[in-house]
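Colleague: To start, I am sharing the structure in question, which I have written as structure tokens.
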Amino acid sequence: MIGNEEGVLRKKNTGQGRPDPLNELEKVEARLQQWLAKSRENANLFRADPIAALKAAGVDLEDDTMMELEMIFANIARKLR
């Protein structure tokens, strides 16, 4: 699910054969949470640059999924400013 201009969440149409990036993120959530809990530095990296943190945590996601997540995170960060 992603937000639109009104802030309403909706299901993203990912097309056939392309996994939803948020569903893919759910699959690696436990590993990411373990990595985040290991140190304050890990948590700070995630706050500053979620994509770099995913890579540092060794999360195995397709490049296309990482790119989509990067766009989602950037949109969220922009709305929080």
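Chain identifiers are assigned as A, B, and so on, following the order in which chains appear in the structure tokens; residues are numbered from 1 within each chain, and ligands are numbered from 1 in order of appearance.
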Set the distance at 12 Å and use only C-alpha atoms: which residues neighbour Glu70 of chain A once local chain neighbours fewer than 2 positions away are removed? I'd like the list as a list in words.

Modeller: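 So the residues in contact are Pro21, Leu22, Leu25, Asp49, Pro50, Ile51, Ala52, Ala53, Leu54, Lys55, Asp63, Asp64, Thr65, Met66, Met67, Glu68, Ile72, Phe73, Ala74, Asn75, Ile76 and Ala77 of chain A.
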
Colleague: Please save N, CA and C atoms of the selected residues as a short mmCIF file (atom, residue, chain, number, x, y, z; two decimals), in the first residue's frame.

Modeller:
data_model
loop_
_atom_site.label_atom_id
_atom_site.label_comp_id
_atom_site.auth_asym_id
_atom_site.auth_seq_id
_atom_site.Cartn_x
_atom_site.Cartn_y
_atom_site.Cartn_z
N PRO A 21 6.55 -4.27 -3.36
CA PRO A 21 7.74 -4.05 -2.53
C PRO A 21 7.46 -4.09 -1.04
N LEU A 22 6.29 -3.67 -0.62
CA LEU A 22 5.98 -3.70 0.81
C LEU A 22 5.75 -5.13 1.29
N LEU A 25 9.17 -6.49 1.71
CA LEU A 25 9.77 -5.96 2.94
C LEU A 25 9.25 -6.72 4.16
N ASP A 49 18.99 6.75 6.34
CA ASP A 49 19.02 6.21 4.99
C ASP A 49 18.54 4.75 5.01
N PRO A 50 17.22 4.57 4.93
CA PRO A 50 16.66 3.22 5.05
C PRO A 50 17.22 2.22 4.02
N ILE A 51 17.48 2.68 2.82
CA ILE A 51 17.99 1.77 1.79
C ILE A 51 19.40 1.31 2.13
N ALA A 52 20.25 2.24 2.55
CA ALA A 52 21.61 1.87 2.95
C ALA A 52 21.55 0.90 4.14
N ALA A 53 20.60 1.11 5.04
CA ALA A 53 20.46 0.23 6.20
C ALA A 53 20.03 -1.18 5.76
N LEU A 54 19.09 -1.26 4.82
CA LEU A 54 18.67 -2.56 4.32
C LEU A 54 19.86 -3.31 3.73
N LYS A 55 20.68 -2.60 2.97
CA LYS A 55 21.86 -3.23 2.37
C LYS A 55 22.85 -3.65 3.45
N ASP A 63 16.76 -5.80 -6.97
CA ASP A 63 17.09 -4.40 -7.22
C ASP A 63 15.86 -3.56 -7.52
N ASP A 64 14.93 -4.11 -8.31
CA ASP A 64 13.70 -3.37 -8.62
C ASP A 64 12.90 -3.08 -7.35
N THR A 65 12.85 -4.05 -6.46
CA THR A 65 12.14 -3.87 -5.20
C THR A 65 12.81 -2.79 -4.36
N MET A 66 14.15 -2.83 -4.30
CA MET A 66 14.88 -1.81 -3.54
C MET A 66 14.63 -0.41 -4.11
N MET A 67 14.57 -0.29 -5.43
CA MET A 67 14.33 1.00 -6.05
C MET A 67 12.92 1.51 -5.71
N GLU A 68 11.94 0.62 -5.74
CA GLU A 68 10.58 1.02 -5.40
C GLU A 68 10.49 1.42 -3.93
N ILE A 72 9.28 4.96 -2.16
CA ILE A 72 8.27 5.00 -1.10
C ILE A 72 8.82 5.72 0.13
N PHE A 73 10.04 5.35 0.55
CA PHE A 73 10.65 5.98 1.73
C PHE A 73 10.87 7.47 1.50
N ALA A 74 11.28 7.86 0.30
CA ALA A 74 11.51 9.27 -0.01
C ALA A 74 10.20 10.06 0.08
N ASN A 75 9.12 9.46 -0.42
CA ASN A 75 7.82 10.13 -0.35
C ASN A 75 7.36 10.29 1.10
N ILE A 76 7.57 9.26 1.90
CA ILE A 76 7.20 9.34 3.31
C ILE A 76 8.01 10.43 4.01
N ALA A 77 9.32 10.43 3.77
CA ALA A 77 10.20 11.42 4.40
C ALA A 77 9.80 12.84 4.00
#

Colleague: For a test of reading the model, state the distance in Å between atom CA of Lys79 of chain A and atom CA of Glu24 of chain A, rounded to one decimal.

Modeller: 23.0 Å

Colleague: Can you work out the spacing between atom CA of Leu36 of chain A and atom CA of Ala57 of chain A in Å, to one decimal?

Modeller: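 Distance between the two atoms: 8.2 Å.
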
Colleague: Between atom CA of Gly58 of chain A and atom CA of Val28 of chain A, what is the spacing in Å?

Modeller: 9.9 Å
